$ cat upload19.pdb   # PDB, C-alpha atoms
ATOM      1  CA  MET T   1      19.348  66.659 -42.840
ATOM      2  CA  GLU T   2      20.240  63.142 -41.952
ATOM      3  CA  GLY T   3      17.818  60.427 -42.812
ATOM      4  CA  SER T   4      16.761  58.256 -45.621
ATOM      5  CA  PRO T   5      15.003  59.584 -48.720
ATOM      6  CA  THR T   6      11.974  57.532 -47.684
ATOM      7  CA  ARG T   7      11.875  59.316 -44.332
ATOM      8  CA  LEU T   8      12.098  62.705 -46.060
ATOM      9  CA  THR T   9       9.235  61.769 -48.367
ATOM     10  CA  ASP T  10       7.164  60.544 -45.420
ATOM     11  CA  ASP T  11       7.866  63.764 -43.481
ATOM     12  CA  ALA T  12       6.911  65.917 -46.458
ATOM     13  CA  GLU T  13       3.711  63.956 -47.059
ATOM     14  CA  THR T  14       2.738  64.163 -43.397
ATOM     15  CA  VAL T  15       3.352  67.916 -43.243
ATOM     16  CA  VAL T  16       1.454  68.548 -46.475
ATOM     17  CA  ARG T  17      -1.452  66.350 -45.430
ATOM     18  CA  THR T  18      -1.650  67.881 -41.954
ATOM     19  CA  TYR T  19      -0.895  71.557 -42.622
ATOM     20  CA  GLY T  20      -1.060  72.017 -46.397
ATOM     21  CA  ASP T  21      -4.564  73.521 -46.504
ATOM     22  CA  THR T  22      -3.818  75.906 -43.665
ATOM     23  CA  LEU T  23      -0.573  77.058 -45.259
ATOM     24  CA  PHE T  24      -2.210  77.422 -48.680
ATOM     25  CA  ARG T  25      -5.078  79.528 -47.309
ATOM     26  CA  LEU T  26      -2.645  81.764 -45.423
ATOM     27  CA  CYS T  27      -0.478  82.251 -48.519
ATOM     28  CA  LEU T  28      -3.487  82.793 -50.770
ATOM     29  CA  VAL T  29      -4.799  85.550 -48.524
ATOM     30  CA  MET T  30      -1.389  87.223 -48.382
ATOM     31  CA  LEU T  31      -0.502  86.862 -52.077
ATOM     32  CA  GLY T  32      -3.871  86.861 -53.827
ATOM     33  CA  SER T  33      -2.850  84.258 -56.407
ATOM     34  CA  ASP T  34      -3.265  80.486 -56.436
ATOM     35  CA  ALA T  35       0.015  79.953 -58.284
ATOM     36  CA  ASP T  36       2.002  82.217 -55.957
ATOM     37  CA  ALA T  37       0.389  80.605 -52.907
ATOM     38  CA  GLU T  38       1.371  77.149 -54.183
ATOM     39  CA  ASP T  39       4.938  78.363 -54.730
ATOM     40  CA  ALA T  40       5.112  79.794 -51.221
ATOM     41  CA  VAL T  41       3.801  76.569 -49.670
ATOM     42  CA  GLN T  42       6.299  74.552 -51.675
ATOM     43  CA  GLU T  43       9.153  76.775 -50.505
ATOM     44  CA  THR T  44       7.931  76.429 -46.933
ATOM     45  CA  ILE T  45       7.940  72.632 -47.160
ATOM     46  CA  MET T  46      11.402  72.696 -48.732
ATOM     47  CA  LYS T  47      12.726  74.841 -45.892
ATOM     48  CA  TYR T  48      11.135  72.456 -43.408
ATOM     49  CA  LEU T  49      12.901  69.501 -45.013
ATOM     50  CA  GLN T  50      16.227  71.344 -45.278
ATOM     51  CA  LYS T  51      16.231  72.568 -41.686
ATOM     52  CA  ALA T  52      14.764  69.397 -40.197
ATOM     53  CA  PRO T  53      13.658  71.063 -36.965
ATOM     54  CA  CYS T  54      12.579  68.876 -34.073
ATOM     55  CA  PHE T  55       9.463  69.974 -32.221
ATOM     56  CA  GLU T  56       8.299  69.015 -28.768
ATOM     57  CA  GLU T  57       4.649  69.470 -29.666
ATOM     58  CA  PRO T  58       2.633  69.518 -32.891
ATOM     59  CA  SER T  59       1.514  73.062 -32.113
ATOM     60  CA  HIS T  60       5.149  74.206 -32.256
ATOM     61  CA  GLN T  61       5.542  72.574 -35.650
ATOM     62  CA  LYS T  62       2.417  74.312 -36.945
ATOM     63  CA  ALA T  63       3.571  77.683 -35.583
ATOM     64  CA  TRP T  64       6.985  77.248 -37.197
ATOM     65  CA  LEU T  65       5.453  76.358 -40.576
ATOM     66  CA  ILE T  66       3.054  79.311 -40.441
ATOM     67  CA  THR T  67       5.886  81.686 -39.557
ATOM     68  CA  VAL T  68       8.044  80.406 -42.409
ATOM     69  CA  ALA T  69       5.118  80.601 -44.865
ATOM     70  CA  LYS T  70       4.321  84.146 -43.756
ATOM     71  CA  ASN T  71       7.952  85.181 -44.211
ATOM     72  CA  GLU T  72       8.067  83.515 -47.637
ATOM     73  CA  CYS T  73       4.960  85.466 -48.678
ATOM     74  CA  ARG T  74       6.477  88.716 -47.441
ATOM     75  CA  ASP T  75       9.646  87.986 -49.428
ATOM     76  CA  MET T  76       7.574  87.333 -52.550
ATOM     77  CA  LEU T  77       5.599  90.548 -52.064
ATOM     78  CA  ARG T  78       8.807  92.498 -51.528
ATOM     79  CA  ALA T  79      10.237  91.031 -54.741
ATOM     80  CA  ARG T  80       7.057  92.007 -56.610
ATOM     81  CA  ARG T  81       7.400  95.608 -55.467
ATOM     82  CA  ARG T  82      11.078  95.752 -56.407
ATOM     83  CA  HIS T  83      10.646  94.023 -59.754
ATOM     84  CA  PRO T  84       7.186  94.601 -61.177
ATOM     85  CA  GLN T  85       6.309  92.346 -64.081
ATOM     86  CA  LEU T  86       3.674  92.297 -66.767
ATOM     87  CA  SER T  87       1.066  89.611 -66.469
ATOM     88  CA  LEU T  88       0.841  87.148 -69.334
ATOM     89  CA  THR T  89      -2.572  88.541 -70.248
ATOM     90  CA  CYS T  90      -0.931  91.902 -71.033
ATOM     91  CA  LEU T  91       1.326  90.200 -73.555
ATOM     92  CA  GLU T  92      -1.650  89.155 -75.666
ATOM     93  CA  ASP T  93      -2.011  92.759 -76.836
ATOM     94  CA  VAL T  94       1.665  93.106 -77.764
ATOM     95  CA  SER T  95       2.588  92.443 -81.359
ATOM     96  CA  PHE T  96       6.130  91.678 -82.418
ATOM     97  CA  ASP T  97       7.448  92.647 -85.799
ATOM     98  CA  ALA T  98      10.143  90.766 -87.710
ATOM     99  CA  ALA T  99      12.946  92.825 -86.159
ATOM    100  CA  ASP T 100      11.796  91.951 -82.639
ATOM    101  CA  SER T 101      11.654  88.297 -83.596
ATOM    102  CA  GLY T 102      15.181  88.473 -84.987
ATOM    103  CA  ILE T 103      16.534  89.990 -81.810
ATOM    104  CA  LEU T 104      14.765  87.370 -79.728
ATOM    105  CA  ASP T 105      16.098  84.568 -81.942
ATOM    106  CA  ALA T 106      19.620  85.984 -81.728
ATOM    107  CA  LEU T 107      19.306  86.335 -77.943
ATOM    108  CA  MET T 108      18.070  82.758 -77.567
ATOM    109  CA  SER T 109      21.056  81.481 -79.569
ATOM    110  CA  LEU T 110      23.559  82.959 -77.083
ATOM    111  CA  PRO T 111      25.150  80.775 -74.407
ATOM    112  CA  GLU T 112      23.081  80.777 -71.226
ATOM    113  CA  LYS T 113      25.584  82.729 -69.119
ATOM    114  CA  TYR T 114      25.310  85.712 -71.474
ATOM    115  CA  ARG T 115      21.603  85.331 -72.178
ATOM    116  CA  LEU T 116      20.820  85.246 -68.445
ATOM    117  CA  VAL T 117      22.634  88.469 -67.547
ATOM    118  CA  LEU T 118      21.232  90.279 -70.594
ATOM    119  CA  VAL T 119      17.663  89.306 -69.703
ATOM    120  CA  LEU T 120      18.094  90.133 -66.010
ATOM    121  CA  TYR T 121      19.633  93.505 -66.842
ATOM    122  CA  TYR T 122      17.554  94.702 -69.795
ATOM    123  CA  VAL T 123      14.232  92.911 -69.374
ATOM    124  CA  GLU T 124      13.899  92.470 -65.618
ATOM    125  CA  GLU T 125      15.837  95.698 -64.910
ATOM    126  CA  TYR T 126      17.987  94.302 -62.108
ATOM    127  CA  HIS T 127      21.042  96.256 -61.038
ATOM    128  CA  ILE T 128      24.463  94.744 -61.637
ATOM    129  CA  GLU T 129      24.974  94.098 -57.914
ATOM    130  CA  ASP T 130      21.650  92.236 -57.720
ATOM    131  CA  ILE T 131      22.514  90.120 -60.749
ATOM    132  CA  ALA T 132      25.872  89.300 -59.153
ATOM    133  CA  ARG T 133      24.083  87.984 -56.060
ATOM    134  CA  ILE T 134      21.578  86.021 -58.139
ATOM    135  CA  ILE T 135      24.190  84.238 -60.249
ATOM    136  CA  ASP T 136      26.808  84.087 -57.478
ATOM    137  CA  ARG T 137      29.465  86.034 -59.358
ATOM    138  CA  SER T 138      31.246  89.318 -58.745
ATOM    139  CA  PRO T 139      29.843  92.582 -60.127
ATOM    140  CA  SER T 140      32.878  92.851 -62.415
ATOM    141  CA  ALA T 141      32.121  89.368 -63.812
ATOM    142  CA  VAL T 142      28.544  90.484 -64.492
ATOM    143  CA  LYS T 143      29.810  93.598 -66.293
ATOM    144  CA  MET T 144      32.130  91.457 -68.405
ATOM    145  CA  ARG T 145      29.301  89.067 -69.291
ATOM    146  CA  LEU T 146      27.076  91.996 -70.231
ATOM    147  CA  GLN T 147      29.808  93.430 -72.436
ATOM    148  CA  LYS T 148      30.557  90.086 -74.108
ATOM    149  CA  GLY T 149      26.842  89.258 -74.401
ATOM    150  CA  ARG T 150      26.118  92.587 -76.117
ATOM    151  CA  LYS T 151      28.949  91.970 -78.557
ATOM    152  CA  LEU T 152      27.787  88.412 -79.341
ATOM    153  CA  LEU T 153      24.190  89.556 -79.715
ATOM    154  CA  ASP T 154      25.217  92.322 -82.087
ATOM    155  CA  GLU T 155      27.320  89.916 -84.161
ATOM    156  CA  LYS T 156      24.592  87.261 -84.376
ATOM    157  CA  TYR T 157      21.855  89.753 -85.150
ATOM    158  CA  ARG T 158      23.847  91.555 -87.853
ATOM    159  CA  LYS T 159      24.969  88.266 -89.414
ATOM    160  CA  GLU T 160      21.507  86.724 -89.609
ATOM    161  CA  TYR T 161      19.063  89.634 -89.916
ATOM    162  CA  LEU T 162      20.797  92.578 -91.550
TER     163      LEU T 162
END

$ encode --input "upload19.pdb" --output "structure tokens"
Amino acid sequence: MEGSPTRLTDDAETVVRTYGDTLFRLCLVMLGSDADAEDAVQETIMKYLQKAPCFEEPSHQKAWLITVAKNECRDMLRARRRHPQLSLTCLEDVSFDAADSGILDALMSLPEKYRLVLVLYYVEEYHIEDIARIIDRSPSAVKMRLQKGRKLLDEKYRKEYL
């Protein structure tokens, strides 16, 4: 989008002030969570600023924003169904023993490129092709990072905890 940073800030503030409550209520109803609704509204505003559409009437602008917000919510719901996650409240009941802590410490000491693919694959249970799209690499590069990450993790864990 062409324009000064001040103009972008002014546009964002105007959109949020004018339509923020409407977008938030819509997203809240669709997602059922304040935090997720805020994320969806933020993504909607970001898309508005990136696309910089010009509208003939304010009603067209509002309709465009509502459509984008609705689509963002649907994408988030779709992602939830594909990749279910535990809520943080469920983790309160989980206890970690020393071995778990050692594995976590060893994992956290790995370079990010290996740590990321290991977490996406083993914790989030993404498929290799999905991870490749997420990190913008080929599936074979993801497989290589998984292989190297497993080896590094094994070496670090054995060295420090066994």

$ closest_residue --input "upload19.pdb" --among "T:Val123, T:Leu77, T:Leu116, T:Leu104" --to "Gly32 of chain T" --atoms "only C-alpha atoms"
T:Leu77

$ closest_residue --input "upload19.pdb" --among "T:Tyr121, T:Phe55, T:Tyr126, T:Tyr19" --to "Arg150 of chain T" --atoms "all atoms listed in the file"
T:Tyr121

$ resolve_selection --input "upload19.pdb" --expression "the PyMOL selection byres ((chain T and resi 26) around 10)" --output "list in words"
Gly20, Asp21, Thr22, Leu23, Phe24, Arg25, Cys27, Leu28, Val29, Met30, Leu31, Gly32, Ala37, Ala40, Val41, Ile66, Ala69, Lys70 and Cys73 of chain T

$ atom_distance --input "upload19.pdb" --atom1 "atom CA of Lys51 of chain T" --atom2 "atom CA of Val68 of chain T"
11.4 Å

$ atom_distance --input "upload19.pdb" --atom1 "atom CA of Thr67 of chain T" --atom2 "atom CA of Thr44 of chain T"
9.3 Å

$ resolve_selection --input "upload19.pdb" --expression "the PyMOL selection byres ((chain T and resi 113) around 10)" --output "list in words"
Leu110, Pro111, Glu112, Tyr114, Arg115, Leu116, Val117, Leu118, Ile135, Val142, Arg145, Leu146 and Gly149 of chain T

$ atom_distance --input "upload19.pdb" --atom1 "atom CA of Arg82 of chain T" --atom2 "atom CA of Asp105 of chain T"
28.3 Å

$ closest_residue --input "upload19.pdb" --among "T:Ile45, T:Leu153, T:Met76, T:Leu65" --to "Val119 of chain T" --atoms "only C-alpha atoms"
T:Leu153

$ closest_residue --input "upload19.pdb" --among "T:Gln61, T:Lys156, T:Glu56, T:Asp36" --to "Thr14 of chain T" --atoms "only C-alpha atoms"
T:Gln61

$ closest_residue --input "upload19.pdb" --among "T:Ile134, T:Leu49, T:Met144, T:Ala63" --to "Asp11 of chain T" --atoms "only C-alpha atoms"
T:Leu49

$ axis_aligned_box --input "upload19.pdb" --around "segment 51-61 of chain T" --padding-each-side "3 Å" --output "AutoDock Vina command-line options"
--center_x 8.9 --center_y 71.5 --center_z -35.2 --size_x 20.7 --size_y 11.3 --size_z 18.9

$ closest_residue --input "upload19.pdb" --among "T:Ile128, T:Ser33, T:Ala141, T:Leu120" --to "His83 of chain T" --atoms "all atoms listed in the file"
T:Leu120

$ residues_near_point --input "upload19.pdb" --point "(18.9, 92.2, -79.3)" --cutoff "8 Å" --atoms "only C-alpha atoms" --output "ChimeraX atom specification"
/T:100,102-104,106-107,150,153-154,157

$ write_last_selection --input "upload19.pdb" --atoms "C-alpha atoms" --output "PDB file, in the frame of the given file"
ATOM      1  CA  ASP T 100      11.796  91.951 -82.639  1.00  0.00           C
ATOM      2  CA  GLY T 102      15.181  88.473 -84.987  1.00  0.00           C
ATOM      3  CA  ILE T 103      16.534  89.990 -81.810  1.00  0.00           C
ATOM      4  CA  LEU T 104      14.765  87.370 -79.728  1.00  0.00           C
ATOM      5  CA  ALA T 106      19.620  85.984 -81.728  1.00  0.00           C
ATOM      6  CA  LEU T 107      19.306  86.335 -77.943  1.00  0.00           C
ATOM      7  CA  ARG T 150      26.118  92.587 -76.117  1.00  0.00           C
ATOM      8  CA  LEU T 153      24.190  89.556 -79.715  1.00  0.00           C
ATOM      9  CA  ASP T 154      25.217  92.322 -82.087  1.00  0.00           C
ATOM     10  CA  TYR T 157      21.855  89.753 -85.150  1.00  0.00           C
TER      11      TYR T 157
END
